[in-house]
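So this block is target.cif, mmCIF, C-alpha atoms:
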```cif
data_my_file
#
loop_
_atom_site.group_PDB
_atom_site.id
_atom_site.type_symbol
_atom_site.label_atom_id
_atom_site.label_comp_id
_atom_site.auth_asym_id
_atom_site.auth_seq_id
_atom_site.Cartn_x
_atom_site.Cartn_y
_atom_site.Cartn_z
ATOM 1 C CA MET H 167 3.665 18.184 -1.959
ATOM 2 C CA GLU H 168 4.102 15.475 -4.589
ATOM 3 C CA ASP H 169 7.599 14.653 -5.824
ATOM 4 C CA LYS H 170 7.527 14.723 -9.654
ATOM 5 C CA ARG H 171 11.096 13.523 -10.256
ATOM 6 C CA ARG H 172 11.569 10.531 -12.545
ATOM 7 C CA PHE H 173 14.250 8.985 -10.314
ATOM 8 C CA LEU H 174 14.680 9.058 -6.544
ATOM 9 C CA ARG H 175 17.465 11.330 -5.373
ATOM 10 C CA ARG H 176 19.746 10.327 -2.516
ATOM 11 C CA ARG H 177 20.277 12.888 0.235
ATOM 12 C CA THR H 178 23.890 13.929 0.543
ATOM 13 C CA LEU H 179 26.078 16.752 1.767
ATOM 14 C CA LYS H 180 29.143 16.896 -0.464
ATOM 15 C CA GLY H 181 31.390 19.744 -1.453
ATOM 16 C CA ALA H 182 31.488 20.346 -5.202
ATOM 17 C CA HIS H 183 32.388 22.903 -7.846
ATOM 18 C CA ILE H 184 30.410 24.565 -10.610
ATOM 19 C CA VAL H 185 32.873 24.962 -13.484
ATOM 20 C CA PHE H 186 32.256 27.104 -16.587
ATOM 21 C CA HIS H 187 33.978 29.378 -19.134
ATOM 22 C CA GLU H 188 36.040 26.424 -20.370
ATOM 23 C CA GLY H 189 37.338 25.735 -16.863
ATOM 24 C CA ARG H 190 38.425 29.314 -16.178
ATOM 25 C CA SER H 191 35.626 30.034 -13.659
ATOM 26 C CA THR H 192 34.716 27.993 -10.586
ATOM 27 C CA ILE H 193 32.085 28.453 -7.879
ATOM 28 C CA SER H 194 31.950 26.263 -4.767
ATOM 29 C CA CYS H 195 28.666 24.597 -3.844
ATOM 30 C CA LEU H 196 27.149 21.857 -1.697
ATOM 31 C CA VAL H 197 25.337 18.914 -3.265
ATOM 32 C CA ARG H 198 22.187 18.418 -1.171
ATOM 33 C CA ASN H 199 20.778 15.479 -3.104
ATOM 34 C CA LEU H 200 21.889 13.477 -6.110
ATOM 35 C CA SER H 201 20.519 10.977 -8.643
ATOM 36 C CA ASP H 202 21.760 9.543 -11.921
ATOM 37 C CA LEU H 203 19.831 12.281 -13.741
ATOM 38 C CA GLY H 204 20.332 15.389 -11.615
ATOM 39 C CA ALA H 205 21.117 17.122 -8.351
ATOM 40 C CA LEU H 206 20.098 19.869 -5.968
ATOM 41 C CA LEU H 207 22.894 22.334 -5.254
ATOM 42 C CA ARG H 208 23.193 24.956 -2.545
ATOM 43 C CA VAL H 209 25.238 28.029 -3.450
ATOM 44 C CA GLU H 210 26.117 31.185 -1.586
ATOM 45 C CA SER H 211 24.641 33.249 -4.410
ATOM 46 C CA PRO H 212 23.174 32.156 -7.753
ATOM 47 C CA ILE H 213 24.326 35.381 -9.426
ATOM 48 C CA GLY H 214 26.653 34.707 -12.341
ATOM 49 C CA ILE H 215 25.970 30.974 -12.560
ATOM 50 C CA PRO H 216 25.201 30.102 -16.202
ATOM 51 C CA ASP H 217 22.361 27.814 -17.312
ATOM 52 C CA ILE H 218 24.841 25.138 -18.478
ATOM 53 C CA PHE H 219 28.021 24.173 -16.597
ATOM 54 C CA THR H 220 30.104 21.219 -15.415
ATOM 55 C CA LEU H 221 29.404 19.897 -11.920
ATOM 56 C CA VAL H 222 32.515 18.410 -10.301
ATOM 57 C CA ILE H 223 32.462 16.389 -7.087
ATOM 58 C CA PRO H 224 36.193 15.793 -6.555
ATOM 59 C CA GLY H 225 37.137 12.127 -6.857
ATOM 60 C CA GLU H 226 33.568 11.059 -7.666
ATOM 61 C CA LEU H 227 31.774 12.796 -10.505
ATOM 62 C CA GLN H 228 32.157 15.213 -13.385
ATOM 63 C CA ARG H 229 28.987 15.839 -15.397
ATOM 64 C CA GLU H 230 27.607 18.510 -17.691
ATOM 65 C CA ALA H 231 24.489 20.000 -16.098
ATOM 66 C CA HIS H 232 21.593 22.221 -17.143
ATOM 67 C CA VAL H 233 19.757 24.403 -14.622
ATOM 68 C CA VAL H 234 16.070 23.508 -14.440
ATOM 69 C CA ARG H 235 15.170 25.423 -11.274
ATOM 70 C CA ARG H 236 16.537 28.371 -9.290
ATOM 71 C CA SER H 237 15.165 29.256 -5.881
ATOM 72 C CA GLY H 238 17.089 31.587 -3.561
ATOM 73 C CA THR H 239 20.358 29.819 -2.816
ATOM 74 C CA GLU H 240 19.311 26.473 -4.352
ATOM 75 C CA ILE H 241 19.768 25.331 -7.935
ATOM 76 C CA GLY H 242 18.153 22.204 -9.369
ATOM 77 C CA VAL H 243 20.088 20.693 -12.265
ATOM 78 C CA GLU H 244 19.527 17.918 -14.764
ATOM 79 C CA PHE H 245 22.557 16.144 -16.169
ATOM 80 C CA ILE H 246 22.940 16.511 -19.939
ATOM 81 C CA ALA H 247 25.055 13.490 -20.914
ATOM 82 C CA ALA H 248 24.128 9.915 -20.041
ATOM 83 C CA LEU H 249 26.364 7.948 -17.686
#
```
Structure encoded using structure tokens:
Amino acid sequence: MEDKRRFLRRRTLKGAHIVFHEGRSTISCLVRNLSDLGALLRVESPIGIPDIFTLVIPGELQREAHVVRRSGTEIGVEFIAAL
């Protein structure tokens, strides 16, 4: 299968949080791969996760993200704001 991403993603396994509702709601996730433009997240359940949220990797990253793909327990996101 051909990889159609614009930038190479680095494999990783980092704990992170999906934050939405102005910071009042948080869902834990694992970042499976990461690039400057997006990430692949693994969640226990995608139910209730909005299309736009803030991805927070404690001590490393906080970026607004837009869901571009949902597949079972994986969510592909593209970051909205530039670095």
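Evaluated against the shown file, the PyMOL selection byres ((chain H and resi 195) around 9) gives Lys180, Gly181, Ala182, His183, Ile184, Ile193, Ser194, Leu196, Val197, Leu207, Arg208, Val209 and Glu210 of chain H.
Take the PyMOL selection byres ((chain H and resi 206) around 8) and apply it to this file: it picks Val197, Arg198, Asn199, Leu200, Gly204, Ala205, Leu207, Arg208, Glu240, Ile241, Gly242 and Val243 of chain H.
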What's the separation between atom CA of H:Phe245 and atom CA of H:Asp202, in Å to one decimal place?
7.9 Å
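Going from atom CA of H:Ser201 over to atom CA of H:Glu244, you cover 9.3 Å.
Separating atom CA of H:Ile215 from atom CA of H:Arg176 is a distance of 23.8 Å.
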Just want the 7 Å neighbourhood of H:Leu221, counted on only C-alpha atoms, with same-chain residues fewer than 3 positions away dropped. Output as a PyMOL selection string.
chain H and resi 183-185+228-231
Min atom-atom distance to H:Val234 from the set H:Leu203, H:Ala247, H:Ile213, H:Val222, counting all atoms listed in the file, belongs to H:Leu203
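For the choices H:Val233, H:Phe219, H:Glu226, H:Ile246, the atom-to-atom distance to H:Thr192 is smallest for H:Phe219 when using all atoms listed in the file.
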N, CA, C and O atoms of stretch 174-200 of chain H from block above, as a PDB file, in the first residue's frame:
```pdb
ATOM      1  N   LEU H 174       6.839  12.548   6.216  1.00  0.00           N
ATOM      2  CA  LEU H 174       7.090  11.299   6.907  1.00  0.00           C
ATOM      3  C   LEU H 174       6.758  11.438   8.384  1.00  0.00           C
ATOM      4  O   LEU H 174       7.121  12.422   9.014  1.00  0.00           O
ATOM      5  N   ARG H 175       6.040  10.465   8.909  1.00  0.00           N
ATOM      6  CA  ARG H 175       5.729  10.463  10.333  1.00  0.00           C
ATOM      7  C   ARG H 175       6.718   9.568  11.065  1.00  0.00           C
ATOM      8  O   ARG H 175       7.121   8.534  10.559  1.00  0.00           O
ATOM      9  N   ARG H 176       7.089   9.995  12.258  1.00  0.00           N
ATOM     10  CA  ARG H 176       8.004   9.220  13.099  1.00  0.00           C
ATOM     11  C   ARG H 176       7.184   8.315  14.007  1.00  0.00           C
ATOM     12  O   ARG H 176       6.249   8.769  14.666  1.00  0.00           O
ATOM     13  N   ARG H 177       7.562   7.031  14.056  1.00  0.00           N
ATOM     14  CA  ARG H 177       6.888   6.110  14.968  1.00  0.00           C
ATOM     15  C   ARG H 177       7.185   6.519  16.393  1.00  0.00           C
ATOM     16  O   ARG H 177       8.303   6.906  16.719  1.00  0.00           O
ATOM     17  N   THR H 178       6.172   6.410  17.242  1.00  0.00           N
ATOM     18  CA  THR H 178       6.334   6.769  18.642  1.00  0.00           C
ATOM     19  C   THR H 178       5.302   6.015  19.461  1.00  0.00           C
ATOM     20  O   THR H 178       4.387   5.399  18.914  1.00  0.00           O
ATOM     21  N   LEU H 179       5.437   6.053  20.731  1.00  0.00           N
ATOM     22  CA  LEU H 179       4.454   5.468  21.646  1.00  0.00           C
ATOM     23  C   LEU H 179       4.436   6.360  22.887  1.00  0.00           C
ATOM     24  O   LEU H 179       5.137   6.122  23.854  1.00  0.00           O
ATOM     25  N   LYS H 180       3.637   7.427  22.791  1.00  0.00           N
ATOM     26  CA  LYS H 180       3.599   8.433  23.853  1.00  0.00           C
ATOM     27  C   LYS H 180       2.179   8.591  24.364  1.00  0.00           C
ATOM     28  O   LYS H 180       1.228   8.621  23.586  1.00  0.00           O
ATOM     29  N   GLY H 181       2.058   8.734  25.663  1.00  0.00           N
ATOM     30  CA  GLY H 181       0.767   9.035  26.252  1.00  0.00           C
ATOM     31  C   GLY H 181       0.386  10.476  25.968  1.00  0.00           C
ATOM     32  O   GLY H 181       1.242  11.360  25.984  1.00  0.00           O
ATOM     33  N   ALA H 182      -0.884  10.702  25.666  1.00  0.00           N
ATOM     34  CA  ALA H 182      -1.354  12.053  25.342  1.00  0.00           C
ATOM     35  C   ALA H 182      -2.810  12.196  25.776  1.00  0.00           C
ATOM     36  O   ALA H 182      -3.418  11.244  26.272  1.00  0.00           O
ATOM     37  N   HIS H 183      -3.333  13.407  25.570  1.00  0.00           N
ATOM     38  CA  HIS H 183      -4.718  13.690  25.928  1.00  0.00           C
ATOM     39  C   HIS H 183      -5.406  14.418  24.775  1.00  0.00           C
ATOM     40  O   HIS H 183      -4.823  15.318  24.168  1.00  0.00           O
ATOM     41  N   ILE H 184      -6.639  14.021  24.536  1.00  0.00           N
ATOM     42  CA  ILE H 184      -7.526  14.720  23.612  1.00  0.00           C
ATOM     43  C   ILE H 184      -8.370  15.637  24.491  1.00  0.00           C
ATOM     44  O   ILE H 184      -9.077  15.164  25.390  1.00  0.00           O
ATOM     45  N   VAL H 185      -8.263  16.941  24.257  1.00  0.00           N
ATOM     46  CA  VAL H 185      -8.925  17.923  25.121  1.00  0.00           C
ATOM     47  C   VAL H 185      -9.935  18.707  24.281  1.00  0.00           C
ATOM     48  O   VAL H 185      -9.608  19.189  23.198  1.00  0.00           O
ATOM     49  N   PHE H 186     -11.172  18.828  24.795  1.00  0.00           N
ATOM     50  CA  PHE H 186     -12.214  19.557  24.069  1.00  0.00           C
ATOM     51  C   PHE H 186     -13.214  20.147  25.060  1.00  0.00           C
ATOM     52  O   PHE H 186     -13.018  20.022  26.266  1.00  0.00           O
ATOM     53  N   HIS H 187     -14.250  20.779  24.566  1.00  0.00           N
ATOM     54  CA  HIS H 187     -15.223  21.514  25.389  1.00  0.00           C
ATOM     55  C   HIS H 187     -14.519  22.538  26.274  1.00  0.00           C
ATOM     56  O   HIS H 187     -14.719  22.582  27.492  1.00  0.00           O
ATOM     57  N   GLU H 188     -13.656  23.340  25.620  1.00  0.00           N
ATOM     58  CA  GLU H 188     -12.929  24.415  26.302  1.00  0.00           C
ATOM     59  C   GLU H 188     -12.141  23.898  27.504  1.00  0.00           C
ATOM     60  O   GLU H 188     -12.071  24.549  28.547  1.00  0.00           O
ATOM     61  N   GLY H 189     -11.566  22.711  27.368  1.00  0.00           N
ATOM     62  CA  GLY H 189     -10.734  22.143  28.417  1.00  0.00           C
ATOM     63  C   GLY H 189     -11.480  21.374  29.486  1.00  0.00           C
ATOM     64  O   GLY H 189     -10.875  20.831  30.404  1.00  0.00           O
ATOM     65  N   ARG H 190     -12.807  21.304  29.376  1.00  0.00           N
ATOM     66  CA  ARG H 190     -13.602  20.622  30.398  1.00  0.00           C
ATOM     67  C   ARG H 190     -13.671  19.108  30.184  1.00  0.00           C
ATOM     68  O   ARG H 190     -14.046  18.386  31.104  1.00  0.00           O
ATOM     69  N   SER H 191     -13.337  18.621  28.999  1.00  0.00           N
ATOM     70  CA  SER H 191     -13.388  17.187  28.709  1.00  0.00           C
ATOM     71  C   SER H 191     -12.033  16.708  28.215  1.00  0.00           C
ATOM     72  O   SER H 191     -11.399  17.365  27.389  1.00  0.00           O
ATOM     73  N   THR H 192     -11.605  15.553  28.717  1.00  0.00           N
ATOM     74  CA  THR H 192     -10.309  14.988  28.353  1.00  0.00           C
ATOM     75  C   THR H 192     -10.444  13.484  28.153  1.00  0.00           C
ATOM     76  O   THR H 192     -11.091  12.808  28.955  1.00  0.00           O
ATOM     77  N   ILE H 193      -9.812  12.982  27.096  1.00  0.00           N
ATOM     78  CA  ILE H 193      -9.768  11.549  26.822  1.00  0.00           C
ATOM     79  C   ILE H 193      -8.301  11.169  26.627  1.00  0.00           C
ATOM     80  O   ILE H 193      -7.579  11.814  25.867  1.00  0.00           O
ATOM     81  N   SER H 194      -7.859  10.129  27.311  1.00  0.00           N
ATOM     82  CA  SER H 194      -6.485   9.653  27.166  1.00  0.00           C
ATOM     83  C   SER H 194      -6.325   8.906  25.844  1.00  0.00           C
ATOM     84  O   SER H 194      -7.257   8.253  25.375  1.00  0.00           O
ATOM     85  N   CYS H 195      -5.115   8.998  25.281  1.00  0.00           N
ATOM     86  CA  CYS H 195      -4.822   8.291  24.036  1.00  0.00           C
ATOM     87  C   CYS H 195      -3.331   7.993  23.967  1.00  0.00           C
ATOM     88  O   CYS H 195      -2.552   8.482  24.788  1.00  0.00           O
ATOM     89  N   LEU H 196      -2.946   7.187  22.990  1.00  0.00           N
ATOM     90  CA  LEU H 196      -1.546   6.923  22.688  1.00  0.00           C
ATOM     91  C   LEU H 196      -1.234   7.490  21.322  1.00  0.00           C
ATOM     92  O   LEU H 196      -2.010   7.294  20.377  1.00  0.00           O
ATOM     93  N   VAL H 197      -0.125   8.196  21.199  1.00  0.00           N
ATOM     94  CA  VAL H 197       0.323   8.699  19.903  1.00  0.00           C
ATOM     95  C   VAL H 197       1.184   7.600  19.293  1.00  0.00           C
ATOM     96  O   VAL H 197       2.217   7.232  19.842  1.00  0.00           O
ATOM     97  N   ARG H 198       0.732   7.053  18.160  1.00  0.00           N
ATOM     98  CA  ARG H 198       1.432   5.952  17.501  1.00  0.00           C
ATOM     99  C   ARG H 198       2.473   6.436  16.501  1.00  0.00           C
ATOM    100  O   ARG H 198       3.492   5.812  16.293  1.00  0.00           O
ATOM    101  N   ASN H 199       2.174   7.542  15.824  1.00  0.00           N
ATOM    102  CA  ASN H 199       3.172   8.184  14.981  1.00  0.00           C
ATOM    103  C   ASN H 199       2.859   9.666  14.913  1.00  0.00           C
ATOM    104  O   ASN H 199       1.748  10.097  15.200  1.00  0.00           O
ATOM    105  N   LEU H 200       3.896  10.451  14.548  1.00  0.00           N
ATOM    106  CA  LEU H 200       3.791  11.899  14.681  1.00  0.00           C
ATOM    107  C   LEU H 200       4.643  12.574  13.614  1.00  0.00           C
ATOM    108  O   LEU H 200       5.743  12.116  13.306  1.00  0.00           O
TER     109      LEU H 200
END
```
